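*Asks:* Have a look at this one.
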Amino acid sequence: MNDQPTPDPTMTRIGEAVQLGRSGQKVRARTALTALWDEIGDGGDAFHRCTLAHYLADLQDTTEAELRWDERALAAVSDLTDERAQRYLSSLQVRAFLPSLHLNLADCHRRLGNAARARKHLAGAREHLAHLPDDAYGEAIRAAVRDFAADDPTDAGR
């Protein structure tokens, strides 16, 4: 099966901005993604909102701002269906987004000193690990969850 993304102008713009960020142009990337978020709005396409918020979180200057974007990504995924995600890429399953989204929230909460909330989101990440694909992405997220838990002396391998 050829699982190539279906052309989507918004996803193209997101991808271009993400590449700016990866090339070290963090402010330009954040500005481009924020402008796109403003166009889409809080009630726009859930796939676009989830993707935008996920990437915008990584471009923030403070953990508090990163947390707000990570929360928006998780909120958007609750409005997202497999059918919508698969219009972009046929292999996508929304449940497979959850480990990463919860892990990002756990990380923010840990850095902010909110240990209980960090553990709650770590549990959320673990709960959904079975939905990850058996590929490099899935293994990277599984490893990140293991590493995160290993760094938490209060977790005791739950």
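For the structure tokens, the naming scheme is as follows: chains receive sequential letters (A, B, ...) according to their order of presentation, residues are indexed from 1 within each chain, and ligands are indexed from 1 in presentation order.
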Please identify all polymer residues within 8 Å of Arg95 (chain A), counting only C-alpha atoms, omitting same-chain residues fewer than 4 positions from it, and present them as JSON, numbers by chain.

*Replies:* {"A": [128, 131, 132]}

*Asks:* Please produce an output containing C-alpha atoms for each residue in the selection, written as an mmCIF file, in the first residue's frame.

*Replies:*
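Saved as out.cif:
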```
data_model
loop_
_atom_site.group_PDB
_atom_site.id
_atom_site.type_symbol
_atom_site.label_atom_id
_atom_site.label_comp_id
_atom_site.auth_asym_id
_atom_site.auth_seq_id
_atom_site.Cartn_x
_atom_site.Cartn_y
_atom_site.Cartn_z
ATOM 1 C CA HIS A 128 -2.507 4.118 24.898
ATOM 2 C CA HIS A 131 -2.313 1.771 19.805
ATOM 3 C CA LEU A 132 1.076 2.837 18.478
#
```

*Asks:* Find the spatial neighbours of Gln19 (chain A), counting only C-alpha atoms, within a cut-off of 12 Å - ignore same-chain residues fewer than 3 positions away - and output them as a compact mmCIF listing (two decimals) with N, CA and C atoms, in the first residue's frame.

*Replies:*
```txt
# COMPACT_ATOMS: atom_id res chain seq x y z
N THR A 12 0.35 21.54 4.33
CA THR A 12 1.57 21.99 3.64
C THR A 12 2.15 23.21 4.35
N ARG A 13 1.30 24.15 4.70
CA ARG A 13 1.76 25.35 5.41
C ARG A 13 2.31 25.00 6.78
N ILE A 14 1.66 24.07 7.47
CA ILE A 14 2.17 23.63 8.77
C ILE A 14 3.56 23.02 8.58
N GLY A 15 3.69 22.13 7.61
CA GLY A 15 4.97 21.48 7.35
C GLY A 15 6.08 22.47 7.02
N GLU A 16 5.76 23.47 6.24
CA GLU A 16 6.75 24.49 5.89
C GLU A 16 7.21 25.24 7.14
N ARG A 22 12.80 23.72 12.57
CA ARG A 22 13.86 22.72 12.61
C ARG A 22 15.17 23.25 12.04
N SER A 23 15.07 24.28 11.21
CA SER A 23 16.29 24.88 10.65
C SER A 23 16.84 25.99 11.55
N GLY A 24 16.25 26.15 12.73
CA GLY A 24 16.74 27.14 13.68
C GLY A 24 16.00 28.46 13.65
N GLN A 25 15.00 28.58 12.81
CA GLN A 25 14.24 29.83 12.71
C GLN A 25 12.98 29.75 13.56
N LYS A 26 13.18 29.60 14.84
CA LYS A 26 12.10 29.35 15.78
C LYS A 26 11.05 30.47 15.79
N ARG A 28 10.34 32.72 13.44
CA ARG A 28 9.58 32.73 12.18
C ARG A 28 8.59 31.58 12.14
N ALA A 29 9.00 30.41 12.60
CA ALA A 29 8.11 29.25 12.62
C ALA A 29 6.93 29.50 13.54
N ARG A 30 7.21 30.00 14.73
CA ARG A 30 6.13 30.27 15.69
C ARG A 30 5.18 31.32 15.14
N ALA A 32 4.54 32.01 11.98
CA ALA A 32 3.76 31.42 10.88
C ALA A 32 2.67 30.50 11.41
N LEU A 33 3.01 29.67 12.38
CA LEU A 33 2.01 28.73 12.92
C LEU A 33 0.94 29.46 13.72
N TYR A 55 2.78 21.20 17.31
CA TYR A 55 4.03 21.81 16.87
C TYR A 55 4.29 23.17 17.52
N LEU A 59 7.63 25.26 20.15
CA LEU A 59 8.27 26.52 19.76
C LEU A 59 8.12 27.62 20.79
```

*Asks:* Provide the CA of His54 (chain A) to CA of Ala73 (chain A) distance in Å, to one decimal place.

*Replies:*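 Distance between the two atoms: 5.4 Å.
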
*Asks:* Measuring atom to atom with only C-alpha atoms, identify which of A:Cys108, A:Leu89, A:Leu129, A:Leu36 is nearest to Arg68 (chain A).

*Replies:*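 Checking each of A:Cys108, A:Leu89, A:Leu129, A:Leu36 against Arg68 (chain A), counting only C-alpha atoms, the winner is A:Cys108.
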
*Asks:* Just want the 12 Å neighbourhood of Ala143 (chain A), counted on only C-alpha atoms, with same-chain residues fewer than 4 positions away dropped. Output as a PDB file with N, CA and C atoms, in the first residue's frame.

*Replies:*
```
ATOM      1  N   PRO A  99      -0.462   8.680  23.123  1.00  0.00           N
ATOM      2  CA  PRO A  99       0.742   8.527  23.957  1.00  0.00           C
ATOM      3  C   PRO A  99       1.659   9.748  23.885  1.00  0.00           C
ATOM      4  N   SER A 100       1.894  10.256  22.703  1.00  0.00           N
ATOM      5  CA  SER A 100       2.766  11.410  22.543  1.00  0.00           C
ATOM      6  C   SER A 100       2.162  12.658  23.190  1.00  0.00           C
ATOM      7  N   LEU A 103       2.401  12.324  26.896  1.00  0.00           N
ATOM      8  CA  LEU A 103       3.790  12.420  27.325  1.00  0.00           C
ATOM      9  C   LEU A 103       4.257  13.875  27.322  1.00  0.00           C
ATOM     10  N   ALA A 125      -0.349   8.223  28.830  1.00  0.00           N
ATOM     11  CA  ALA A 125       0.528   7.801  27.728  1.00  0.00           C
ATOM     12  C   ALA A 125       0.655   6.286  27.707  1.00  0.00           C
ATOM     13  N   ARG A 126       0.886   5.698  28.864  1.00  0.00           N
ATOM     14  CA  ARG A 126       1.034   4.237  28.948  1.00  0.00           C
ATOM     15  C   ARG A 126      -0.240   3.517  28.529  1.00  0.00           C
ATOM     16  N   LEU A 129      -0.294   3.082  24.738  1.00  0.00           N
ATOM     17  CA  LEU A 129       0.877   2.585  24.011  1.00  0.00           C
ATOM     18  C   LEU A 129       0.528   1.471  23.028  1.00  0.00           C
ATOM     19  N   LEU A 132      -0.003   2.346  19.342  1.00  0.00           N
ATOM     20  CA  LEU A 132       1.076   2.837  18.478  1.00  0.00           C
ATOM     21  C   LEU A 132       1.394   1.823  17.395  1.00  0.00           C
ATOM     22  N   ALA A 136       9.183   2.763  13.456  1.00  0.00           N
ATOM     23  CA  ALA A 136      10.173   3.603  14.131  1.00  0.00           C
ATOM     24  C   ALA A 136       9.504   4.663  15.009  1.00  0.00           C
ATOM     25  N   TYR A 137       8.405   5.254  14.519  1.00  0.00           N
ATOM     26  CA  TYR A 137       7.698   6.248  15.314  1.00  0.00           C
ATOM     27  C   TYR A 137       7.162   5.616  16.605  1.00  0.00           C
ATOM     28  N   GLY A 138       6.489   4.488  16.478  1.00  0.00           N
ATOM     29  CA  GLY A 138       5.940   3.816  17.650  1.00  0.00           C
ATOM     30  C   GLY A 138       7.019   3.466  18.658  1.00  0.00           C
ATOM     31  N   GLU A 139       8.141   2.951  18.179  1.00  0.00           N
ATOM     32  CA  GLU A 139       9.224   2.598  19.098  1.00  0.00           C
ATOM     33  C   GLU A 139       9.834   3.835  19.744  1.00  0.00           C
ATOM     34  N   ASP A 147      11.847   6.130  29.103  1.00  0.00           N
ATOM     35  CA  ASP A 147      12.875   7.042  29.611  1.00  0.00           C
ATOM     36  C   ASP A 147      12.284   8.040  30.595  1.00  0.00           C
ATOM     37  N   PHE A 148      11.113   8.545  30.278  1.00  0.00           N
ATOM     38  CA  PHE A 148      10.459   9.505  31.167  1.00  0.00           C
ATOM     39  C   PHE A 148      10.189   8.851  32.513  1.00  0.00           C
ATOM     40  N   ALA A 149       9.638   7.649  32.482  1.00  0.00           N
ATOM     41  CA  ALA A 149       9.317   6.937  33.728  1.00  0.00           C
ATOM     42  C   ALA A 149      10.593   6.610  34.500  1.00  0.00           C
ATOM     43  N   ALA A 150      11.656   6.256  33.793  1.00  0.00           N
ATOM     44  CA  ALA A 150      12.923   5.921  34.464  1.00  0.00           C
ATOM     45  C   ALA A 150      13.515   7.125  35.182  1.00  0.00           C
TER      46      ALA A 150
END
```

*Asks:* Which residue is closest to Ala46 (chain A)? Choose from A:Asp3, A:Glu83, A:Glu66, A:Asp61 and count only C-alpha atoms.

*Replies:*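 Smallest separation from Ala46 (chain A) among the options: A:Glu83.
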
*Asks:* Where in region 4-156 of chain A does DSSP assign alpha helix (DSSP H), given as a VMD selection string?

*Replies:* chain A and resid 9 to 22 26 to 40 46 to 57 63 to 77 82 to 88 98 to 111 115 to 127 136 to 150

*Asks:* Fewer than 5 positions away in the same chain doesn't count, so skip those; otherwise give me all residues within 10 Å of Cys50 (chain A), counting only C-alpha atoms, as a PyMOL selection string.

*Replies:* chain A and resi 45+55-56+69-80+97+101

*Asks:* Rank nothing, just name the residue among A:Leu92, A:Leu105, A:Asp8, A:Arg111 nearest to Ala123 (chain A), using only C-alpha atoms.

*Replies:*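 The closest residue to Ala123 (chain A) is A:Leu105.
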
*Asks:* One decimal, Å: what's the distance from CA of Arg49 (chain A) over to CA of His102 (chain A), could you say?

*Replies:*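 Taking CA of Arg49 (chain A) as the start and CA of His102 (chain A) as the end point, the length is 16.2 Å.
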
*Asks:* So which residues touch Leu112 (chain A) within 12 Å, counting only C-alpha atoms, skipping near sequence neighbours fewer than 6 positions away, as a list in words?

*Replies:* Thr62, Thr63, Glu64, Ala65, Glu66, Leu67, Leu105, Ala106 and Ala118 of chain A

*Asks:* Name the residues in contact with His48 (chain A) at a cut-off of 8 Å, using only C-alpha atoms, excluding same-chain residues fewer than 6 positions from it; report them as a short mmCIF file (atom, residue, chain, number, x, y, z; two decimals) with all heavy atoms, in the first residue's frame.

*Replies:*
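New file selection-v2.cif:
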```
data_model
loop_
_atom_site.label_atom_id
_atom_site.label_comp_id
_atom_site.auth_asym_id
_atom_site.auth_seq_id
_atom_site.Cartn_x
_atom_site.Cartn_y
_atom_site.Cartn_z
N THR A 10 -3.37 23.39 4.11
CA THR A 10 -3.08 23.77 5.49
C THR A 10 -1.95 22.92 6.05
O THR A 10 -1.03 23.45 6.70
CB THR A 10 -4.34 23.65 6.37
OG1 THR A 10 -5.35 24.51 5.83
CG2 THR A 10 -4.06 24.03 7.81
N MET A 11 -1.98 21.63 5.79
CA MET A 11 -0.90 20.75 6.26
C MET A 11 0.42 21.12 5.58
O MET A 11 1.48 21.03 6.20
CB MET A 11 -1.25 19.29 6.05
CG MET A 11 -2.39 18.81 6.93
SD MET A 11 -2.09 19.01 8.69
CE MET A 11 -0.78 17.80 8.94
N ILE A 40 -7.50 29.50 11.41
CA ILE A 40 -8.32 28.30 11.62
C ILE A 40 -9.31 28.51 12.76
O ILE A 40 -10.47 28.14 12.68
CB ILE A 40 -7.44 27.08 11.88
CG1 ILE A 40 -6.66 26.73 10.62
CG2 ILE A 40 -8.25 25.89 12.38
CD1 ILE A 40 -5.56 25.74 10.83
#
```

*Asks:* Rounded to one decimal in Å, what is the spacing between CA of Val94 (chain A) and CA of Thr81 (chain A)?

*Replies:*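 The value is 6.5 Å.
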